[in-house]
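Here is the file protein-v3.cif (mmCIF, C-alpha atoms and all ligand atoms).
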data_model
loop_
_atom_site.group_PDB
_atom_site.id
_atom_site.type_symbol
_atom_site.label_atom_id
_atom_site.label_comp_id
_atom_site.auth_asym_id
_atom_site.auth_seq_id
_atom_site.Cartn_x
_atom_site.Cartn_y
_atom_site.Cartn_z
ATOM 1 C CA MET S 1 -7.881 -6.446 -2.213
ATOM 2 C CA THR S 2 -7.529 -2.719 -1.742
ATOM 3 C CA GLU S 3 -7.746 -3.141 2.042
ATOM 4 C CA GLY S 4 -5.402 -6.129 2.252
ATOM 5 C CA LEU S 5 -2.746 -4.616 0.014
ATOM 6 C CA GLY S 6 -3.134 -1.218 1.712
ATOM 7 C CA ALA S 7 -2.483 -2.836 5.102
ATOM 8 C CA ALA S 8 0.711 -4.309 3.670
ATOM 9 C CA GLY S 9 1.857 -0.839 2.539
ATOM 10 C CA PHE S 10 0.759 -0.988 -1.103
ATOM 11 C CA ASP S 11 0.235 2.397 -2.763
ATOM 12 C CA CYS S 12 -2.607 2.183 -5.327
ATOM 13 C CA GLY S 13 -1.302 5.351 -6.999
ATOM 14 C CA GLU S 14 1.964 3.749 -8.119
ATOM 15 C CA GLN S 15 2.238 1.975 -11.441
ATOM 16 C CA THR S 16 2.847 -1.638 -10.397
ATOM 17 C CA PHE S 17 4.204 -4.879 -11.825
ATOM 18 C CA PHE S 18 2.420 -7.942 -10.345
ATOM 19 C CA THR S 19 4.244 -11.272 -10.548
ATOM 20 C CA TRP S 20 1.510 -13.878 -10.227
ATOM 21 C CA LEU S 21 3.184 -17.078 -11.376
ATOM 22 C CA GLY S 22 1.928 -20.483 -10.214
ATOM 23 C CA VAL S 23 -1.298 -19.080 -8.728
ATOM 24 C CA VAL S 24 -4.104 -18.665 -11.306
ATOM 25 C CA PRO S 25 -4.717 -22.422 -11.844
ATOM 26 C CA TYR S 26 -5.564 -22.764 -8.134
ATOM 27 C CA LEU S 27 -8.087 -19.917 -8.015
ATOM 28 C CA THR S 28 -11.794 -19.860 -8.737
ATOM 29 C CA PRO S 29 -12.579 -17.855 -11.887
ATOM 30 C CA GLU S 30 -14.265 -15.220 -9.667
ATOM 31 C CA ALA S 31 -11.102 -14.742 -7.571
ATOM 32 C CA MET S 32 -8.923 -14.574 -10.655
ATOM 33 C CA TRP S 33 -11.075 -12.062 -12.544
ATOM 34 C CA SER S 34 -11.673 -9.794 -9.558
ATOM 35 C CA THR S 35 -7.892 -9.624 -9.049
ATOM 36 C CA LEU S 36 -7.294 -8.792 -12.709
ATOM 37 C CA ALA S 37 -10.057 -6.161 -12.609
ATOM 38 C CA PHE S 38 -8.310 -4.616 -9.594
ATOM 39 C CA ILE S 39 -4.958 -4.502 -11.411
ATOM 40 C CA ALA S 40 -6.531 -2.990 -14.548
ATOM 41 C CA SER S 41 -8.321 -0.366 -12.458
ATOM 42 C CA LEU S 42 -5.189 1.091 -10.863
ATOM 43 C CA PRO S 43 -5.227 4.760 -11.805
ATOM 44 C CA ASN S 44 -1.660 4.808 -13.081
ATOM 45 C CA GLY S 45 -1.661 1.394 -14.652
ATOM 46 C CA GLY S 46 -0.329 -2.030 -13.967
ATOM 47 C CA HIS S 47 1.456 -4.985 -15.469
ATOM 48 C CA VAL S 48 0.736 -8.579 -14.552
ATOM 49 C CA VAL S 49 2.529 -11.803 -15.414
ATOM 50 C CA PHE S 50 0.667 -15.045 -14.801
ATOM 51 C CA ASP S 51 0.524 -18.581 -16.105
ATOM 52 C CA TYR S 52 -2.421 -20.746 -17.113
ATOM 53 C CA SER S 53 -3.069 -23.931 -19.039
ATOM 54 C CA ASP S 54 -5.152 -24.813 -22.071
ATOM 55 C CA PRO S 55 -8.251 -26.851 -21.126
ATOM 56 C CA PRO S 56 -7.400 -30.549 -20.519
ATOM 57 C CA ASP S 57 -9.813 -31.709 -23.228
ATOM 58 C CA SER S 58 -7.831 -29.711 -25.820
ATOM 59 C CA LEU S 59 -4.547 -31.545 -25.057
ATOM 60 C CA SER S 60 -3.107 -34.450 -27.016
ATOM 61 C CA PRO S 61 -3.819 -37.878 -25.448
ATOM 62 C CA GLU S 62 -0.232 -38.093 -24.079
ATOM 63 C CA ALA S 63 -0.312 -34.573 -22.668
ATOM 64 C CA ARG S 64 -3.803 -35.214 -21.278
ATOM 65 C CA ALA S 65 -2.612 -38.329 -19.445
ATOM 66 C CA ALA S 66 0.378 -36.443 -17.961
ATOM 67 C CA HIS S 67 -1.899 -33.557 -16.970
ATOM 68 C CA ASP S 68 -4.445 -35.864 -15.311
ATOM 69 C CA GLN S 69 -1.703 -37.514 -13.224
ATOM 70 C CA ARG S 70 -0.319 -34.184 -11.993
ATOM 71 C CA ALA S 71 -3.826 -32.795 -11.388
ATOM 72 C CA ALA S 72 -4.688 -35.826 -9.255
ATOM 73 C CA ARG S 73 -1.475 -35.334 -7.235
ATOM 74 C CA VAL S 74 -2.088 -31.650 -6.455
ATOM 75 C CA SER S 75 -5.725 -32.361 -5.716
ATOM 76 C CA ALA S 76 -4.720 -35.111 -3.260
ATOM 77 C CA VAL S 77 -2.658 -32.589 -1.267
ATOM 78 C CA GLY S 78 -5.640 -30.213 -1.114
ATOM 79 C CA GLU S 79 -4.686 -27.729 -3.868
ATOM 80 C CA PRO S 80 -6.745 -28.686 -6.923
ATOM 81 C CA TRP S 81 -6.383 -26.925 -10.286
ATOM 82 C CA LEU S 82 -9.654 -25.097 -10.932
ATOM 83 C CA ASN S 83 -8.992 -22.738 -13.799
ATOM 84 C CA TYR S 84 -8.157 -23.327 -17.491
ATOM 85 C CA PHE S 85 -8.503 -21.161 -20.593
ATOM 86 C CA ALA S 86 -8.331 -21.225 -24.331
ATOM 87 C CA ALA S 87 -6.013 -18.387 -25.414
ATOM 88 C CA GLU S 88 -8.687 -16.589 -27.479
ATOM 89 C CA GLU S 89 -11.191 -16.743 -24.613
ATOM 90 C CA LEU S 90 -8.666 -15.294 -22.181
ATOM 91 C CA ARG S 91 -7.720 -12.445 -24.532
ATOM 92 C CA ALA S 92 -11.404 -11.651 -25.174
ATOM 93 C CA LYS S 93 -11.958 -11.303 -21.409
ATOM 94 C CA LEU S 94 -8.792 -9.332 -20.626
ATOM 95 C CA SER S 95 -9.392 -6.574 -23.185
ATOM 96 C CA PRO S 96 -12.694 -5.236 -21.743
ATOM 97 C CA LEU S 97 -11.058 -4.970 -18.312
ATOM 98 C CA GLY S 98 -8.605 -2.435 -19.758
ATOM 99 C CA PHE S 99 -5.610 -4.614 -20.641
ATOM 100 C CA SER S 100 -4.449 -3.141 -23.928
ATOM 101 C CA ASP S 101 -1.211 -5.007 -24.477
ATOM 102 C CA ILE S 102 -1.436 -8.790 -24.071
ATOM 103 C CA ASP S 103 1.589 -10.967 -24.741
ATOM 104 C CA ASP S 104 0.512 -14.627 -24.425
ATOM 105 C CA LEU S 105 3.244 -17.211 -24.937
ATOM 106 C CA GLY S 106 2.065 -20.795 -25.483
ATOM 107 C CA PRO S 107 4.341 -23.849 -25.403
ATOM 108 C CA PRO S 108 5.908 -23.274 -28.882
ATOM 109 C CA GLU S 109 6.643 -19.584 -28.170
ATOM 110 C CA ILE S 110 8.058 -20.349 -24.699
ATOM 111 C CA ALA S 111 10.264 -23.070 -26.168
ATOM 112 C CA SER S 112 11.593 -20.970 -29.033
ATOM 113 C CA ARG S 113 12.276 -18.001 -26.744
ATOM 114 C CA TYR S 114 13.756 -19.814 -23.735
ATOM 115 C CA PHE S 115 14.642 -23.369 -24.830
ATOM 116 C CA PRO S 116 15.573 -23.095 -28.524
ATOM 117 C CA ASN S 117 17.335 -26.478 -28.466
ATOM 118 C CA ARG S 118 14.094 -28.238 -27.506
ATOM 119 C CA ALA S 119 11.662 -26.300 -29.709
ATOM 120 C CA ALA S 120 11.195 -29.192 -32.183
ATOM 121 C CA SER S 121 9.655 -31.525 -29.592
ATOM 122 C CA ILE S 122 7.229 -29.088 -27.947
ATOM 123 C CA PRO S 123 3.422 -29.624 -28.145
ATOM 124 C CA GLU S 124 1.096 -26.914 -29.485
ATOM 125 C CA ARG S 125 -0.990 -26.821 -26.314
ATOM 126 C CA GLY S 126 -0.265 -26.829 -22.580
ATOM 127 C CA GLY S 127 1.070 -24.135 -20.236
ATOM 128 C CA HIS S 128 1.047 -20.450 -21.178
ATOM 129 C CA ILE S 129 2.741 -17.396 -19.698
ATOM 130 C CA VAL S 130 0.960 -14.049 -20.132
ATOM 131 C CA HIS S 131 2.234 -10.509 -19.691
ATOM 132 C CA ALA S 132 -0.730 -8.105 -19.752
ATOM 133 C CA THR S 133 -0.462 -4.345 -19.443
ATOM 134 C CA ALA S 134 -3.204 -1.913 -18.440
ATOM 135 C CA PRO S 135 -2.493 1.780 -18.965
ATOM 136 C CA GLY S 136 -4.664 2.653 -15.950
ATOM 137 C CA SER S 137 -8.025 4.284 -15.427
ATOM 138 C CA ALA S 138 -6.517 7.790 -15.329
ATOM 139 C CA GLU S 139 -4.817 7.275 -18.702
ATOM 140 C CA ARG S 140 -8.025 5.825 -20.235
ATOM 141 C CA LEU S 141 -9.940 8.840 -18.960
ATOM 142 C CA ARG S 142 -7.379 11.228 -20.474
ATOM 143 C CA LYS S 143 -7.590 9.473 -23.852
ATOM 144 C CA SER S 144 -11.294 8.808 -24.266
ATOM 145 C CA GLY S 145 -13.380 10.769 -21.787
ATOM 146 C CA PRO S 146 -15.189 9.721 -18.604
ATOM 147 C CA GLY S 147 -17.008 6.630 -20.006
ATOM 148 C CA ALA S 148 -13.705 4.989 -20.789
ATOM 149 C CA ALA S 149 -12.694 4.753 -17.138
ATOM 150 C CA SER S 150 -15.369 2.244 -16.197
ATOM 151 C CA PHE S 151 -14.456 -1.431 -16.163
ATOM 152 C CA GLN S 152 -16.409 -4.630 -16.074
ATOM 153 C CA SER S 153 -17.752 -5.313 -12.610
ATOM 154 C CA TYR S 154 -16.593 -8.366 -10.652
ATOM 155 C CA PRO S 155 -17.657 -9.190 -7.076
ATOM 156 C CA ASP S 156 -14.475 -7.968 -5.366
ATOM 157 C CA SER S 157 -13.600 -5.107 -7.696
ATOM 158 C CA PRO S 158 -12.670 -1.733 -6.195
ATOM 159 C CA ARG S 159 -15.147 1.031 -7.048
HETATM 160 C C1 LIG S 201 3.237 -23.398 -7.731
HETATM 161 S S1 LIG S 201 3.187 -22.530 -6.188
HETATM 162 C C2 LIG S 201 3.730 -20.938 -6.732
HETATM 163 C C3 LIG S 201 4.228 -20.086 -5.623
HETATM 164 C C4 LIG S 201 4.830 -18.731 -5.977
HETATM 165 N N1 LIG S 201 3.875 -17.870 -6.630
HETATM 166 C C5 LIG S 201 6.067 -18.899 -6.818
HETATM 167 O O1 LIG S 201 6.097 -18.442 -7.982
HETATM 168 O O2 LIG S 201 7.039 -19.459 -6.336
HETATM 169 C C6 LIG S 201 1.455 -22.390 -5.991
HETATM 170 C C7 LIG S 201 1.034 -21.696 -4.741
HETATM 171 O O3 LIG S 201 -0.385 -21.452 -4.755
HETATM 172 C C8 LIG S 201 -0.890 -21.701 -3.465
HETATM 173 N N2 LIG S 201 -2.343 -21.933 -3.536
HETATM 174 C C9 LIG S 201 -3.011 -23.104 -3.719
HETATM 175 N N3 LIG S 201 -4.350 -22.936 -3.693
HETATM 176 C C10 LIG S 201 -4.562 -21.610 -3.488
HETATM 177 C C11 LIG S 201 -5.715 -20.792 -3.371
HETATM 178 N N4 LIG S 201 -6.949 -21.303 -3.486
HETATM 179 N N5 LIG S 201 -5.568 -19.472 -3.146
HETATM 180 C C12 LIG S 201 -4.330 -18.933 -3.068
HETATM 181 N N6 LIG S 201 -3.182 -19.648 -3.179
HETATM 182 C C13 LIG S 201 -3.297 -20.966 -3.390
HETATM 183 C C14 LIG S 201 -0.085 -22.901 -3.029
HETATM 184 O O4 LIG S 201 -0.121 -23.102 -1.637
HETATM 185 C C15 LIG S 201 1.308 -22.542 -3.510
HETATM 186 O O5 LIG S 201 1.993 -21.765 -2.575
#

In structure tokens, what does this structure look like?
Ligand SMILES: C[S@@+](CC[C@H](N)C(=O)[O-])C[C@H]1O[C@@H](n2cnc3c(N)ncnc32)[C@H](O)[C@@H]1O
Amino acid sequence: MTEGLGAAGFDCGEQTFFTWLGVVPYLTPEAMWSTLAFIASLPNGGHVVFDYSDPPDSLSPEARAAHDQRAARVSAVGEPWLNYFAAEELRAKLSPLGFSDIDDLGPPEIASRYFPNRAASIPERGGHIVHATAPGSAERLRKSGPGAASFQSYPDSPR
């Protein structure tokens, strides 16, 4: 990631906001977590916004049927959905990477914030939008000493 973004002119020293909507469901967990580890490791911090879905087996029967139809369609065009999370599981994995501020909006929160007129008919589970903020390895070092700068290791993480 460091090489690819560097070649495109990205400056790792700048605090950065990553818009990553419509991508995570298509990635392997390894690709997703190595990207998040990269963002959390930026010395001056980073923000990321991404979307994900609750696991299909946690959806209501109606929502599950609608999900299965859409999943079959995207799979048929060669872009299968590979990645799902329960909200608590996602939060528990983001924190050790260095994300200290995690705002996870599920269907009810998205509806009440953006579609208040439809909030009554929204299911509990389905698509989520997350805004996660990492203060950066330099900030963690300043606050808690050298040990605090290390982050969980994923295959493609910058060292
Ligand atoms: C729903 S679109 C979102 C595009 C864009 N991020 C946006 O917000 O408009 C999903 C994108 O993910 C791409 N995609 C599918 N599988 C992928 C993969 N394994 N790795 C990276 N991108 C993938 C698709 O080609 C498509 O462009």

Name each residue within 12 Å of ligand LIG 201 (chain S), counting only C-alpha atoms and all ligand atoms, as an mmCIF file with C-alpha atoms, in the frame of the given file.
data_model
loop_
_atom_site.group_PDB
_atom_site.id
_atom_site.type_symbol
_atom_site.label_atom_id
_atom_site.label_comp_id
_atom_site.auth_asym_id
_atom_site.auth_seq_id
_atom_site.Cartn_x
_atom_site.Cartn_y
_atom_site.Cartn_z
ATOM 1 C CA PHE S 18 2.420 -7.942 -10.345
ATOM 2 C CA THR S 19 4.244 -11.272 -10.548
ATOM 3 C CA TRP S 20 1.510 -13.878 -10.227
ATOM 4 C CA LEU S 21 3.184 -17.078 -11.376
ATOM 5 C CA GLY S 22 1.928 -20.483 -10.214
ATOM 6 C CA VAL S 23 -1.298 -19.080 -8.728
ATOM 7 C CA VAL S 24 -4.104 -18.665 -11.306
ATOM 8 C CA PRO S 25 -4.717 -22.422 -11.844
ATOM 9 C CA TYR S 26 -5.564 -22.764 -8.134
ATOM 10 C CA LEU S 27 -8.087 -19.917 -8.015
ATOM 11 C CA THR S 28 -11.794 -19.860 -8.737
ATOM 12 C CA PRO S 29 -12.579 -17.855 -11.887
ATOM 13 C CA GLU S 30 -14.265 -15.220 -9.667
ATOM 14 C CA ALA S 31 -11.102 -14.742 -7.571
ATOM 15 C CA MET S 32 -8.923 -14.574 -10.655
ATOM 16 C CA THR S 35 -7.892 -9.624 -9.049
ATOM 17 C CA VAL S 49 2.529 -11.803 -15.414
ATOM 18 C CA PHE S 50 0.667 -15.045 -14.801
ATOM 19 C CA ASP S 51 0.524 -18.581 -16.105
ATOM 20 C CA TYR S 52 -2.421 -20.746 -17.113
ATOM 21 C CA VAL S 74 -2.088 -31.650 -6.455
ATOM 22 C CA SER S 75 -5.725 -32.361 -5.716
ATOM 23 C CA VAL S 77 -2.658 -32.589 -1.267
ATOM 24 C CA GLY S 78 -5.640 -30.213 -1.114
ATOM 25 C CA GLU S 79 -4.686 -27.729 -3.868
ATOM 26 C CA PRO S 80 -6.745 -28.686 -6.923
ATOM 27 C CA TRP S 81 -6.383 -26.925 -10.286
ATOM 28 C CA LEU S 82 -9.654 -25.097 -10.932
ATOM 29 C CA ASN S 83 -8.992 -22.738 -13.799
#

*Neighbour list for Ser58 of chain S as JSON, numbers by chain, cut-off 12 Å, all atoms listed in the file, skip fewer than 6 positions in-chain*: {"S": [64, 65, 67, 84, 85, 86, 87, 123, 124, 125, 126, 127]}

_Nearest-residue call for Asp54 of chain S, choices S:Thr2, S:Glu14, S:His128, S:Ala8, using only C-alpha atoms_ =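 For Asp54 of chain S, the nearest of the candidates is S:His128.
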
Mind giving me the axis-aligned box for segment 15-27 of chain S with 3 Å on every side, centre plus edges in Å to one decimal, as lines of an AutoDock Vina configuration file?
center_x = -1.9
center_y = -10.4
center_z = -9.9
size_x = 18.3
size_y = 30.7
size_z = 9.8

_Which residues, named as in the file, does the PyMOL selection byres (((chain S and resi 93) around 12) and not hetatm) pick out? Answer as a list in words._
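Output of the PyMOL selection byres (((chain S and resi 93) around 12) and not hetatm): Pro29, Met32, Trp33, Ser34, Leu36, Ala37, Phe85, Ala86, Ala87, Glu88, Glu89, Leu90, Arg91, Ala92, Leu94, Ser95, Pro96, Leu97, Gly98, Phe99, Ser100, Ile102, Ala132, Phe151 and Gln152 of chain S.
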
*asked:* Can you measure atom CA of Ser41 of chain S to atom CA of Gly13 of chain S for me? One decimal in Å is fine.
replied: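 Taking atom CA of Ser41 of chain S as the start and atom CA of Gly13 of chain S as the end point, the length is 10.6 Å.
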
*Have a look at atom CA of Arg142 of chain S and atom CA of Phe10 of chain S and let me know their distance in Å, one decimal.*
24.3 Å

*Expansion of the PyMOL selection byres (((chain S and resi 44) around 8) and not hetatm) into residues, as a PyMOL selection string*: chain S and resi 13-15+42-43+45-46+135-139

*asked:* Report, in Å to a single decimal, how far apart atom CA of Glu109 of chain S and atom CA of Ser53 of chain S are.
replied: 14.0 Å

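Closest approach to Ser121 of chain S among S:Thr16, S:Pro108, S:Arg140, S:Thr133 is made by S:Pro108 (distances from all atoms listed in the file).
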
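For the set S:Asp68, S:Ile122, S:Arg73, S:Ala40, the residue with the smallest atom-to-atom gap to Asp101 of chain S is S:Ala40, counting only C-alpha atoms.
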
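Of the residues listed (S:Tyr114, S:Leu141, S:Ile129, S:Gly9), S:Ile129 shows the shortest atom-to-atom separation from Val48 of chain S; distances use all atoms listed in the file.
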
N, CA and C atoms for segment 75-101 of chain S, written as an mmCIF file, in the frame of the given file, could you do that?
data_model
loop_
_atom_site.group_PDB
_atom_site.id
_atom_site.type_symbol
_atom_site.label_atom_id
_atom_site.label_comp_id
_atom_site.auth_asym_id
_atom_site.auth_seq_id
_atom_site.Cartn_x
_atom_site.Cartn_y
_atom_site.Cartn_z
ATOM 1 N N SER S 75 -4.413 -32.292 -6.363
ATOM 2 C CA SER S 75 -5.725 -32.361 -5.716
ATOM 3 C C SER S 75 -5.640 -33.163 -4.414
ATOM 4 N N ALA S 76 -4.851 -34.246 -4.445
ATOM 5 C CA ALA S 76 -4.720 -35.111 -3.260
ATOM 6 C C ALA S 76 -4.076 -34.377 -2.092
ATOM 7 N N VAL S 77 -3.251 -33.351 -2.376
ATOM 8 C CA VAL S 77 -2.658 -32.589 -1.267
ATOM 9 C C VAL S 77 -3.496 -31.347 -0.935
ATOM 10 N N GLY S 78 -4.697 -31.267 -1.514
ATOM 11 C CA GLY S 78 -5.640 -30.213 -1.114
ATOM 12 C C GLY S 78 -5.541 -28.932 -1.914
ATOM 13 N N GLU S 79 -4.818 -28.941 -3.061
ATOM 14 C CA GLU S 79 -4.686 -27.729 -3.868
ATOM 15 C C GLU S 79 -5.052 -28.031 -5.319
ATOM 16 N N PRO S 80 -6.351 -28.292 -5.568
ATOM 17 C CA PRO S 80 -6.745 -28.686 -6.923
ATOM 18 C C PRO S 80 -6.613 -27.545 -7.937
ATOM 19 N N TRP S 81 -6.359 -27.899 -9.187
ATOM 20 C CA TRP S 81 -6.383 -26.925 -10.286
ATOM 21 C C TRP S 81 -7.830 -26.695 -10.664
ATOM 22 N N LEU S 82 -8.242 -25.423 -10.709
ATOM 23 C CA LEU S 82 -9.654 -25.097 -10.932
ATOM 24 C C LEU S 82 -9.898 -24.318 -12.214
ATOM 25 N N ASN S 83 -8.830 -23.784 -12.806
ATOM 26 C CA ASN S 83 -8.992 -22.738 -13.799
ATOM 27 C C ASN S 83 -8.189 -23.044 -15.066
ATOM 28 N N TYR S 84 -8.826 -23.091 -16.205
ATOM 29 C CA TYR S 84 -8.157 -23.327 -17.491
ATOM 30 C C TYR S 84 -8.752 -22.350 -18.503
ATOM 31 N N PHE S 85 -7.983 -22.054 -19.547
ATOM 32 C CA PHE S 85 -8.503 -21.161 -20.593
ATOM 33 C C PHE S 85 -8.020 -21.570 -21.956
ATOM 34 N N ALA S 86 -8.836 -21.268 -22.964
ATOM 35 C CA ALA S 86 -8.331 -21.225 -24.331
ATOM 36 C C ALA S 86 -7.790 -19.807 -24.518
ATOM 37 N N ALA S 87 -6.691 -19.683 -25.288
ATOM 38 C CA ALA S 87 -6.013 -18.387 -25.414
ATOM 39 C C ALA S 87 -6.959 -17.291 -25.915
ATOM 40 N N GLU S 88 -7.806 -17.619 -26.895
ATOM 41 C CA GLU S 88 -8.687 -16.589 -27.479
ATOM 42 C C GLU S 88 -9.716 -16.126 -26.444
ATOM 43 N N GLU S 89 -10.197 -17.065 -25.648
ATOM 44 C CA GLU S 89 -11.191 -16.743 -24.613
ATOM 45 C C GLU S 89 -10.570 -15.807 -23.569
ATOM 46 N N LEU S 90 -9.336 -16.120 -23.183
ATOM 47 C CA LEU S 90 -8.666 -15.294 -22.181
ATOM 48 C C LEU S 90 -8.468 -13.869 -22.708
ATOM 49 N N ARG S 91 -7.964 -13.764 -23.931
ATOM 50 C CA ARG S 91 -7.720 -12.445 -24.532
ATOM 51 C C ARG S 91 -9.027 -11.659 -24.614
ATOM 52 N N ALA S 92 -10.109 -12.329 -25.019
ATOM 53 C CA ALA S 92 -11.404 -11.651 -25.174
ATOM 54 C C ALA S 92 -11.923 -11.147 -23.827
ATOM 55 N N LYS S 93 -11.494 -11.765 -22.720
ATOM 56 C CA LYS S 93 -11.958 -11.303 -21.409
ATOM 57 C C LYS S 93 -11.025 -10.263 -20.799
ATOM 58 N N LEU S 94 -9.743 -10.301 -21.193
ATOM 59 C CA LEU S 94 -8.792 -9.332 -20.626
ATOM 60 C C LEU S 94 -9.010 -7.943 -21.214
ATOM 61 N N SER S 95 -9.295 -7.878 -22.518
ATOM 62 C CA SER S 95 -9.392 -6.574 -23.185
ATOM 63 C C SER S 95 -10.440 -5.666 -22.556
ATOM 64 N N PRO S 96 -11.686 -6.150 -22.313
ATOM 65 C CA PRO S 96 -12.694 -5.236 -21.743
ATOM 66 C C PRO S 96 -12.353 -4.745 -20.339
ATOM 67 N N LEU S 97 -11.459 -5.451 -19.640
ATOM 68 C CA LEU S 97 -11.058 -4.970 -18.312
ATOM 69 C C LEU S 97 -10.147 -3.744 -18.420
ATOM 70 N N GLY S 98 -9.520 -3.566 -19.591
ATOM 71 C CA GLY S 98 -8.605 -2.435 -19.758
ATOM 72 C C GLY S 98 -7.186 -2.863 -20.088
ATOM 73 N N PHE S 99 -6.954 -4.178 -20.250
ATOM 74 C CA PHE S 99 -5.610 -4.614 -20.641
ATOM 75 C C PHE S 99 -5.472 -4.405 -22.141
ATOM 76 N N SER S 100 -4.536 -3.518 -22.519
ATOM 77 C CA SER S 100 -4.449 -3.141 -23.928
ATOM 78 C C SER S 100 -3.309 -3.872 -24.625
ATOM 79 N N ASP S 101 -2.378 -4.371 -23.877
ATOM 80 C CA ASP S 101 -1.211 -5.007 -24.477
ATOM 81 C C ASP S 101 -1.102 -6.394 -23.846
#
